[in-house]
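One structure is given below, encoded as structure tokens.
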Amino acid sequence: MLNEKKALLLIGSPKLKKSTSESLGNYLLEGLCKNGYRCNKLHILSTLKNDVKELFYNINDTDILIISSPLYVDSLPSPLIRAFELIGQNREERENVKNQSMISIVNSGFPESFHNDTALKICKNFAHKADFQWLGGFAMGGGPAINGMPIKDLGGMTRNIVKALDIALDAIANNKSIPLEATNMMSSNLIPTWLYTLIADKGWKTQAKKFNAHKNLYAKPYIKG
Amino acid sequence: MKALILNGALKGDKSMTTINKLAEEILIEQGHEVESILLHEKEIGECIGCFGCWVKSPGICVIDDYGRILTETIINRDIVIYLTPVVYGGYSSELKKALDRTIPLLLPFFKKINGEVHHKERYKSYPNVIVLGIMSHEDNEMEEIFNSLIKRNSLNWYNSFSGGTIKNISGKDIKYQLKEKLNIMEVRTC
């Protein structure tokens with residue numbers, strides 16, 4: 001089909017398993033596939049290591065670029081920043097220009113979603129400079145609660161996320177900005193902050209026990225003197 | 001005091017070499033002992049988000065490369081300078097790759113500070129950080145993002161970050177701008 005639109009999901013998480021970024025991005029990508037889009041998905045770390053030309057081809061060919069990434073140290077993970085540097089340079093040099101749009105989803109392990117705001121601003125700046133129409137960005141806290149599971153299988157806890165992404169699907173189809181209503185839904189806490197931190201802190205201890213490291217969690221291996 | 005400059009220049013970016021040298025000169029004039037690390041020359045793998053540094057070998061990254069040495073060096077310095085081109089308002093991929101590997105310096109556990117949730121500190125104190133973001137043209141949006149990134153880093157790292165953007169534009173005196181940014185630190189650490 002000549003008029004078939006294309007969607008590309010770029011997963012910014014260097015994780016190969018249990019990636020919340022992939023779960024969130026997959027929901028959108030599957031929705032777009034159902035709406036007739038030709039869909040493709042790339043994992044940033046393996047793409048950078050194996051075939052940058054494939055990355056450029058897919059980026060320059062897509063109609064909608066979805067970037068789904070975790071928050072690393074208040075910003076995007078380094079491989080995604082490297083991709084932005086390379087894509088930005090590539091798009092300065094390219095000849096063919098088509099109308100393309102971009103949205104981003106950034107999730108973090110903090111319960112509050114605002115920690116992701118700076119990373120989303122970086123995505124927006126990239127979009128403008130690399131000639132993508134910015135449709136908007138989602139900030140999500142409590143990412144580990146999803147733990148790579150399909151969003152639609154998680155029931156009540158993710159109902160606001162599902163609603164927000166469904167609204168985004170409509171916005172993408174009409175090439176319109178994601179409404180504030182949807183970004184607010186995505187930003188709302190999955191569970192109360194006190195409960196989230198309680199569960200998370202217990203979870204770290206449980207995980208450490210598997211490696212027999214639970215008695216050493218507070219180690220200071222690099223202290224001098 | 002012991003100062004460490006982390007040079008996040010991308011491969012082939014020669015402009016950062018001069019700025020690195022100027023920053024070294026200013027710090028030496030201030031009486032600091034200075035070491036510079038050109039990050040793209042070092043073997044540093046990307047953080048893969050496994051959290052092994054929190055639950056498997058607490059405080060030490062599971063990837064055995066220069067990232068480990070760098071993390072140990074950072075925590076044992078008084079002052080750390082992040083030198084980076086401003087990339088879409090953030091740090092370069094080279095600097096970010098190194099910083100992503102420093103999370104073993106924090107604990108996985110959470111605590112609330114001024115109403116916000118942050119990771120608890122693993123160490124008693126952290127170095128003072130001065131961020132120098134090099135811009136080859138004026139761009140208010142990127143500058144604003146960069147300053148907000150410095151602020152967020154400061155809140156999450158229990159240390160006082162300072163710094164900002166340096167304009168590498170004709171007519172702007174780089175040494176004067178560097179001195180201005182590095183002097184903020186001098187006043188604060190006295």
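Just so we're on the same page: first chain in the structure tokens is A, next is B, and so on; residues restart at 1 for each chain, and ligands are numbered from 1 in the order they show up.
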Kindly provide the residues of chain B that approach chain A to within 8 Å, each paired with its closest atom pair and their distance in Å to one decimal, based on only C-alpha atoms, listed by chain and increasing number, as CSV.
residue,atom,partner,partner_atom,distance
B:Glu46,CA,A:Ser78,CA,7.0
B:Cys47,CA,A:Pro14,CA,7.5
B:Ile48,CA,A:Pro14,CA,5.0
B:Gly49,CA,A:Lys15,CA,6.2
B:Cys50,CA,A:Lys15,CA,7.3
B:Trp54,CA,A:Leu217,CA,6.9
B:Val55,CA,A:Ala208,CA,4.3
B:Lys56,CA,A:Phe211,CA,5.5
B:Ser57,CA,A:Ala213,CA,6.8
B:Pro58,CA,A:Leu217,CA,5.4
B:Gly59,CA,A:Pro221,CA,6.2
B:Ile60,CA,A:Pro221,CA,7.3
B:Glu72,CA,A:Tyr222,CA,5.5
B:Ile75,CA,A:Tyr222,CA,7.4
B:Asn76,CA,A:Lys224,CA,7.4
B:Val87,CA,A:Glu85,CA,7.4
B:Tyr88,CA,A:Ile122,CA,5.5
B:Gly89,CA,A:Ile122,CA,5.8
B:Gly90,CA,A:Ile122,CA,6.5
B:Ser92,CA,A:Ile81,CA,7.1
B:Ser93,CA,A:Ser78,CA,5.0
B:Glu94,CA,A:Ser78,CA,7.4
B:Lys96,CA,A:Ser78,CA,5.3
B:Lys97,CA,A:Ser78,CA,4.9
B:Leu99,CA,A:Val73,CA,7.5
B:Asp100,CA,A:Val73,CA,6.3
B:Ile103,CA,A:Val73,CA,7.9
B:Leu107,CA,A:Tyr218,CA,7.2
B:Pro108,CA,A:Trp204,CA,6.9
B:Phe109,CA,A:Asp201,CA,5.3
B:Phe110,CA,A:Thr197,CA,6.4
B:Glu116,CA,A:Glu112,CA,7.9
B:Val117,CA,A:Phe110,CA,6.8
B:His118,CA,A:Phe110,CA,7.5
B:Arg122,CA,A:Tyr218,CA,6.5
B:Tyr123,CA,A:Lys220,CA,6.7
B:Glu141,CA,A:Asn125,CA,7.8
B:Met142,CA,A:Asn125,CA,7.4
B:Ile145,CA,A:Thr118,CA,6.5
B:Ser148,CA,A:Thr118,CA,6.8
B:Leu149,CA,A:Thr118,CA,6.2
B:Arg152,CA,A:Asp74,CA,6.4
B:Asn153,CA,A:Asp74,CA,6.4
From a DSSP pass on the backbone, collect the residues of region 21-188 of chain B flagged as alpha helix (DSSP H) and hand them back as a PDB file with N, CA and C atoms, in the first residue's frame.
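part-v7.pdb written:
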ATOM      1  N   LYS B  21      42.479  22.511  28.891  1.00  0.00           N
ATOM      2  CA  LYS B  21      43.773  23.060  29.350  1.00  0.00           C
ATOM      3  C   LYS B  21      43.576  24.340  30.155  1.00  0.00           C
ATOM      4  N   LEU B  22      42.692  25.210  29.661  1.00  0.00           N
ATOM      5  CA  LEU B  22      42.420  26.471  30.371  1.00  0.00           C
ATOM      6  C   LEU B  22      41.843  26.206  31.759  1.00  0.00           C
ATOM      7  N   ALA B  23      40.923  25.243  31.832  1.00  0.00           N
ATOM      8  CA  ALA B  23      40.305  24.910  33.124  1.00  0.00           C
ATOM      9  C   ALA B  23      41.373  24.368  34.079  1.00  0.00           C
ATOM     10  N   GLU B  24      42.274  23.538  33.537  1.00  0.00           N
ATOM     11  CA  GLU B  24      43.382  23.006  34.360  1.00  0.00           C
ATOM     12  C   GLU B  24      44.222  24.149  34.912  1.00  0.00           C
ATOM     13  N   GLU B  25      44.587  25.098  34.033  1.00  0.00           N
ATOM     14  CA  GLU B  25      45.433  26.239  34.440  1.00  0.00           C
ATOM     15  C   GLU B  25      44.775  27.030  35.568  1.00  0.00           C
ATOM     16  N   ILE B  26      43.472  27.284  35.413  1.00  0.00           N
ATOM     17  CA  ILE B  26      42.749  28.082  36.421  1.00  0.00           C
ATOM     18  C   ILE B  26      42.727  27.342  37.763  1.00  0.00           C
ATOM     19  N   LEU B  27      42.486  26.057  37.711  1.00  0.00           N
ATOM     20  CA  LEU B  27      42.423  25.273  38.958  1.00  0.00           C
ATOM     21  C   LEU B  27      43.792  25.207  39.629  1.00  0.00           C
ATOM     22  N   ILE B  28      44.846  25.076  38.820  1.00  0.00           N
ATOM     23  CA  ILE B  28      46.205  25.046  39.385  1.00  0.00           C
ATOM     24  C   ILE B  28      46.532  26.400  40.024  1.00  0.00           C
ATOM     25  N   GLU B  29      46.140  27.493  39.328  1.00  0.00           N
ATOM     26  CA  GLU B  29      46.334  28.845  39.888  1.00  0.00           C
ATOM     27  C   GLU B  29      45.643  28.979  41.241  1.00  0.00           C
ATOM     28  N   GLY B  52      22.985  -4.777  39.665  1.00  0.00           N
ATOM     29  CA  GLY B  52      23.937  -5.657  40.350  1.00  0.00           C
ATOM     30  C   GLY B  52      24.790  -4.885  41.355  1.00  0.00           C
ATOM     31  N   CYS B  53      25.046  -3.618  41.068  1.00  0.00           N
ATOM     32  CA  CYS B  53      25.865  -2.776  41.965  1.00  0.00           C
ATOM     33  C   CYS B  53      25.134  -2.475  43.268  1.00  0.00           C
ATOM     34  N   TRP B  54      23.838  -2.782  43.326  1.00  0.00           N
ATOM     35  CA  TRP B  54      23.067  -2.573  44.555  1.00  0.00           C
ATOM     36  C   TRP B  54      22.758  -3.896  45.270  1.00  0.00           C
ATOM     37  N   VAL B  55      22.529  -4.965  44.475  1.00  0.00           N
ATOM     38  CA  VAL B  55      22.054  -6.212  45.116  1.00  0.00           C
ATOM     39  C   VAL B  55      22.997  -7.409  44.987  1.00  0.00           C
ATOM     40  N   TYR B  66      37.092   0.224  33.101  1.00  0.00           N
ATOM     41  CA  TYR B  66      37.548   1.505  33.655  1.00  0.00           C
ATOM     42  C   TYR B  66      36.440   2.234  34.439  1.00  0.00           C
ATOM     43  N   GLY B  67      35.197   1.884  34.170  1.00  0.00           N
ATOM     44  CA  GLY B  67      34.075   2.496  34.893  1.00  0.00           C
ATOM     45  C   GLY B  67      34.216   2.322  36.397  1.00  0.00           C
ATOM     46  N   ARG B  68      34.731   1.161  36.811  1.00  0.00           N
ATOM     47  CA  ARG B  68      34.949   0.921  38.248  1.00  0.00           C
ATOM     48  C   ARG B  68      36.027   1.850  38.805  1.00  0.00           C
ATOM     49  N   ILE B  69      37.136   1.958  38.068  1.00  0.00           N
ATOM     50  CA  ILE B  69      38.254   2.811  38.513  1.00  0.00           C
ATOM     51  C   ILE B  69      37.777   4.257  38.610  1.00  0.00           C
ATOM     52  N   LEU B  70      37.007   4.658  37.610  1.00  0.00           N
ATOM     53  CA  LEU B  70      36.516   6.040  37.569  1.00  0.00           C
ATOM     54  C   LEU B  70      35.619   6.343  38.772  1.00  0.00           C
ATOM     55  N   THR B  71      34.741   5.414  39.088  1.00  0.00           N
ATOM     56  CA  THR B  71      33.818   5.610  40.220  1.00  0.00           C
ATOM     57  C   THR B  71      34.600   5.774  41.524  1.00  0.00           C
ATOM     58  N   GLU B  72      35.619   4.945  41.700  1.00  0.00           N
ATOM     59  CA  GLU B  72      36.455   5.046  42.904  1.00  0.00           C
ATOM     60  C   GLU B  72      37.207   6.380  42.918  1.00  0.00           C
ATOM     61  N   THR B  73      37.681   6.806  41.749  1.00  0.00           N
ATOM     62  CA  THR B  73      38.415   8.082  41.664  1.00  0.00           C
ATOM     63  C   THR B  73      37.495   9.242  42.039  1.00  0.00           C
ATOM     64  N   ILE B  74      36.282   9.226  41.504  1.00  0.00           N
ATOM     65  CA  ILE B  74      35.347  10.338  41.744  1.00  0.00           C
ATOM     66  C   ILE B  74      35.059  10.507  43.240  1.00  0.00           C
ATOM     67  N   ILE B  75      34.762   9.427  43.922  1.00  0.00           N
ATOM     68  CA  ILE B  75      34.348   9.541  45.332  1.00  0.00           C
ATOM     69  C   ILE B  75      35.520   9.984  46.223  1.00  0.00           C
ATOM     70  N   SER B  93      27.133  12.017  25.191  1.00  0.00           N
ATOM     71  CA  SER B  93      27.020  10.572  25.445  1.00  0.00           C
ATOM     72  C   SER B  93      28.264  10.050  26.169  1.00  0.00           C
ATOM     73  N   GLU B  94      29.424  10.656  25.896  1.00  0.00           N
ATOM     74  CA  GLU B  94      30.666  10.178  26.539  1.00  0.00           C
ATOM     75  C   GLU B  94      30.649  10.464  28.045  1.00  0.00           C
ATOM     76  N   LEU B  95      30.241  11.675  28.412  1.00  0.00           N
ATOM     77  CA  LEU B  95      30.159  11.996  29.846  1.00  0.00           C
ATOM     78  C   LEU B  95      29.047  11.177  30.499  1.00  0.00           C
ATOM     79  N   LYS B  96      27.924  11.073  29.802  1.00  0.00           N
ATOM     80  CA  LYS B  96      26.777  10.372  30.398  1.00  0.00           C
ATOM     81  C   LYS B  96      27.082   8.893  30.614  1.00  0.00           C
ATOM     82  N   LYS B  97      27.837   8.308  29.686  1.00  0.00           N
ATOM     83  CA  LYS B  97      28.195   6.893  29.832  1.00  0.00           C
ATOM     84  C   LYS B  97      28.969   6.682  31.139  1.00  0.00           C
ATOM     85  N   ALA B  98      29.856   7.622  31.429  1.00  0.00           N
ATOM     86  CA  ALA B  98      30.637   7.528  32.672  1.00  0.00           C
ATOM     87  C   ALA B  98      29.744   7.754  33.893  1.00  0.00           C
ATOM     88  N   LEU B  99      28.871   8.751  33.819  1.00  0.00           N
ATOM     89  CA  LEU B  99      28.032   9.081  34.986  1.00  0.00           C
ATOM     90  C   LEU B  99      26.999   7.994  35.273  1.00  0.00           C
ATOM     91  N   ASP B 100      26.492   7.350  34.211  1.00  0.00           N
ATOM     92  CA  ASP B 100      25.529   6.257  34.419  1.00  0.00           C
ATOM     93  C   ASP B 100      26.158   5.129  35.242  1.00  0.00           C
ATOM     94  N   ASN B 140      18.730  29.592  24.068  1.00  0.00           N
ATOM     95  CA  ASN B 140      18.132  29.754  25.401  1.00  0.00           C
ATOM     96  C   ASN B 140      17.459  28.491  25.914  1.00  0.00           C
ATOM     97  N   GLU B 141      16.806  27.766  25.001  1.00  0.00           N
ATOM     98  CA  GLU B 141      16.084  26.558  25.425  1.00  0.00           C
ATOM     99  C   GLU B 141      17.065  25.503  25.951  1.00  0.00           C
ATOM    100  N   MET B 142      18.156  25.308  25.183  1.00  0.00           N
ATOM    101  CA  MET B 142      19.143  24.303  25.615  1.00  0.00           C
ATOM    102  C   MET B 142      19.792  24.715  26.944  1.00  0.00           C
ATOM    103  N   GLU B 143      20.029  26.009  27.081  1.00  0.00           N
ATOM    104  CA  GLU B 143      20.653  26.510  28.307  1.00  0.00           C
ATOM    105  C   GLU B 143      19.745  26.262  29.520  1.00  0.00           C
ATOM    106  N   GLU B 144      18.467  26.503  29.314  1.00  0.00           N
ATOM    107  CA  GLU B 144      17.493  26.308  30.394  1.00  0.00           C
ATOM    108  C   GLU B 144      17.426  24.822  30.806  1.00  0.00           C
ATOM    109  N   ILE B 145      17.420  23.944  29.799  1.00  0.00           N
ATOM    110  CA  ILE B 145      17.367  22.496  30.087  1.00  0.00           C
ATOM    111  C   ILE B 145      18.645  22.091  30.843  1.00  0.00           C
ATOM    112  N   PHE B 146      19.772  22.612  30.367  1.00  0.00           N
ATOM    113  CA  PHE B 146      21.058  22.260  30.966  1.00  0.00           C
ATOM    114  C   PHE B 146      21.103  22.670  32.446  1.00  0.00           C
ATOM    115  N   ASN B 147      20.630  23.868  32.719  1.00  0.00           N
ATOM    116  CA  ASN B 147      20.623  24.332  34.113  1.00  0.00           C
ATOM    117  C   ASN B 147      19.673  23.506  34.979  1.00  0.00           C
ATOM    118  N   SER B 148      18.559  23.078  34.399  1.00  0.00           N
ATOM    119  CA  SER B 148      17.639  22.252  35.201  1.00  0.00           C
ATOM    120  C   SER B 148      18.242  20.869  35.442  1.00  0.00           C
ATOM    121  N   LEU B 149      19.036  20.374  34.489  1.00  0.00           N
ATOM    122  CA  LEU B 149      19.713  19.081  34.690  1.00  0.00           C
ATOM    123  C   LEU B 149      20.736  19.180  35.836  1.00  0.00           C
ATOM    124  N   ILE B 150      21.476  20.274  35.866  1.00  0.00           N
ATOM    125  CA  ILE B 150      22.447  20.478  36.950  1.00  0.00           C
ATOM    126  C   ILE B 150      21.727  20.487  38.303  1.00  0.00           C
ATOM    127  N   LYS B 151      20.591  21.165  38.335  1.00  0.00           N
ATOM    128  CA  LYS B 151      19.814  21.265  39.579  1.00  0.00           C
ATOM    129  C   LYS B 151      19.318  19.885  40.026  1.00  0.00           C
ATOM    130  N   ARG B 152      18.796  19.101  39.068  1.00  0.00           N
ATOM    131  CA  ARG B 152      18.297  17.764  39.421  1.00  0.00           C
ATOM    132  C   ARG B 152      19.438  16.867  39.903  1.00  0.00           C
ATOM    133  N   ASN B 153      20.579  16.935  39.211  1.00  0.00           N
ATOM    134  CA  ASN B 153      21.743  16.140  39.633  1.00  0.00           C
ATOM    135  C   ASN B 153      22.147  16.502  41.052  1.00  0.00           C
ATOM    136  N   SER B 154      22.137  17.787  41.329  1.00  0.00           N
ATOM    137  CA  SER B 154      22.556  18.253  42.651  1.00  0.00           C
ATOM    138  C   SER B 154      21.637  17.693  43.740  1.00  0.00           C
ATOM    139  N   LEU B 155      20.339  17.712  43.469  1.00  0.00           N
ATOM    140  CA  LEU B 155      19.377  17.206  44.452  1.00  0.00           C
ATOM    141  C   LEU B 155      19.563  15.709  44.693  1.00  0.00           C
ATOM    142  N   ASN B 156      19.905  14.987  43.637  1.00  0.00           N
ATOM    143  CA  ASN B 156      20.014  13.530  43.769  1.00  0.00           C
ATOM    144  C   ASN B 156      21.369  13.057  44.276  1.00  0.00           C
ATOM    145  N   ILE B 174      36.615  32.988  26.681  1.00  0.00           N
ATOM    146  CA  ILE B 174      36.398  31.684  27.317  1.00  0.00           C
ATOM    147  C   ILE B 174      37.031  31.642  28.704  1.00  0.00           C
ATOM    148  N   LYS B 175      38.273  32.162  28.807  1.00  0.00           N
ATOM    149  CA  LYS B 175      38.975  32.064  30.092  1.00  0.00           C
ATOM    150  C   LYS B 175      38.201  32.830  31.175  1.00  0.00           C
ATOM    151  N   TYR B 176      37.663  33.981  30.803  1.00  0.00           N
ATOM    152  CA  TYR B 176      36.902  34.776  31.764  1.00  0.00           C
ATOM    153  C   TYR B 176      35.656  33.996  32.232  1.00  0.00           C
ATOM    154  N   GLN B 177      34.983  33.382  31.268  1.00  0.00           N
ATOM    155  CA  GLN B 177      33.764  32.603  31.613  1.00  0.00           C
ATOM    156  C   GLN B 177      34.114  31.415  32.515  1.00  0.00           C
ATOM    157  N   LEU B 178      35.237  30.746  32.178  1.00  0.00           N
ATOM    158  CA  LEU B 178      35.650  29.593  32.994  1.00  0.00           C
ATOM    159  C   LEU B 178      35.982  30.031  34.413  1.00  0.00           C
ATOM    160  N   LYS B 179      36.731  31.159  34.503  1.00  0.00           N
ATOM    161  CA  LYS B 179      37.120  31.661  35.833  1.00  0.00           C
ATOM    162  C   LYS B 179      35.884  31.974  36.664  1.00  0.00           C
ATOM    163  N   GLU B 180      34.906  32.562  35.996  1.00  0.00           N
ATOM    164  CA  GLU B 180      33.663  32.937  36.679  1.00  0.00           C
ATOM    165  C   GLU B 180      32.981  31.686  37.264  1.00  0.00           C
ATOM    166  N   LYS B 181      32.892  30.650  36.472  1.00  0.00           N
ATOM    167  CA  LYS B 181      32.231  29.418  36.921  1.00  0.00           C
ATOM    168  C   LYS B 181      33.060  28.715  37.997  1.00  0.00           C
ATOM    169  N   LEU B 182      34.370  28.682  37.801  1.00  0.00           N
ATOM    170  CA  LEU B 182      35.224  27.964  38.757  1.00  0.00           C
ATOM    171  C   LEU B 182      35.391  28.743  40.054  1.00  0.00           C
ATOM    172  N   ASN B 183      35.240  30.062  40.011  1.00  0.00           N
ATOM    173  CA  ASN B 183      35.328  30.876  41.227  1.00  0.00           C
ATOM    174  C   ASN B 183      34.154  30.655  42.161  1.00  0.00           C
ATOM    175  N   ILE B 184      33.002  30.322  41.585  1.00  0.00           N
ATOM    176  CA  ILE B 184      31.815  30.051  42.413  1.00  0.00           C
ATOM    177  C   ILE B 184      32.160  28.934  43.386  1.00  0.00           C
ATOM    178  N   MET B 185      32.847  27.922  42.822  1.00  0.00           N
ATOM    179  CA  MET B 185      33.258  26.790  43.640  1.00  0.00           C
ATOM    180  C   MET B 185      34.255  27.215  44.707  1.00  0.00           C
ATOM    181  N   GLU B 186      35.205  28.093  44.325  1.00  0.00           N
ATOM    182  CA  GLU B 186      36.248  28.505  45.258  1.00  0.00           C
ATOM    183  C   GLU B 186      35.641  29.167  46.500  1.00  0.00           C
ATOM    184  N   VAL B 187      34.666  30.032  46.281  1.00  0.00           N
ATOM    185  CA  VAL B 187      34.001  30.724  47.381  1.00  0.00           C
ATOM    186  C   VAL B 187      33.292  29.707  48.272  1.00  0.00           C
ATOM    187  N   ARG B 188      32.577  28.752  47.589  1.00  0.00           N
ATOM    188  CA  ARG B 188      31.755  27.811  48.329  1.00  0.00           C
ATOM    189  C   ARG B 188      32.578  26.848  49.180  1.00  0.00           C
TER     190      ARG B 188
END
Exercise for review: Please provide the set of residues having any atom within 7 Å of Met140 (chain A), restricted to only C-alpha atoms, with same-chain residues fewer than 5 positions apart removed, written as an NGL selection string.
Suggested key: :A and (106-108 or 113 or 186-187)
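Separating CA of Trp134 (chain A) from CA of Met102 (chain A) is a distance of 5.2 Å.
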**Study point:** Who sits within 12 Å of Thr84 (chain B), only C-alpha atoms, same chain under 3 positions skipped, as number ranges by chain
**Key:** B: 5-10, 13, 15-17, 19-20, 38-40, 81, 87-96, 98, 130-136, 146, 163-166
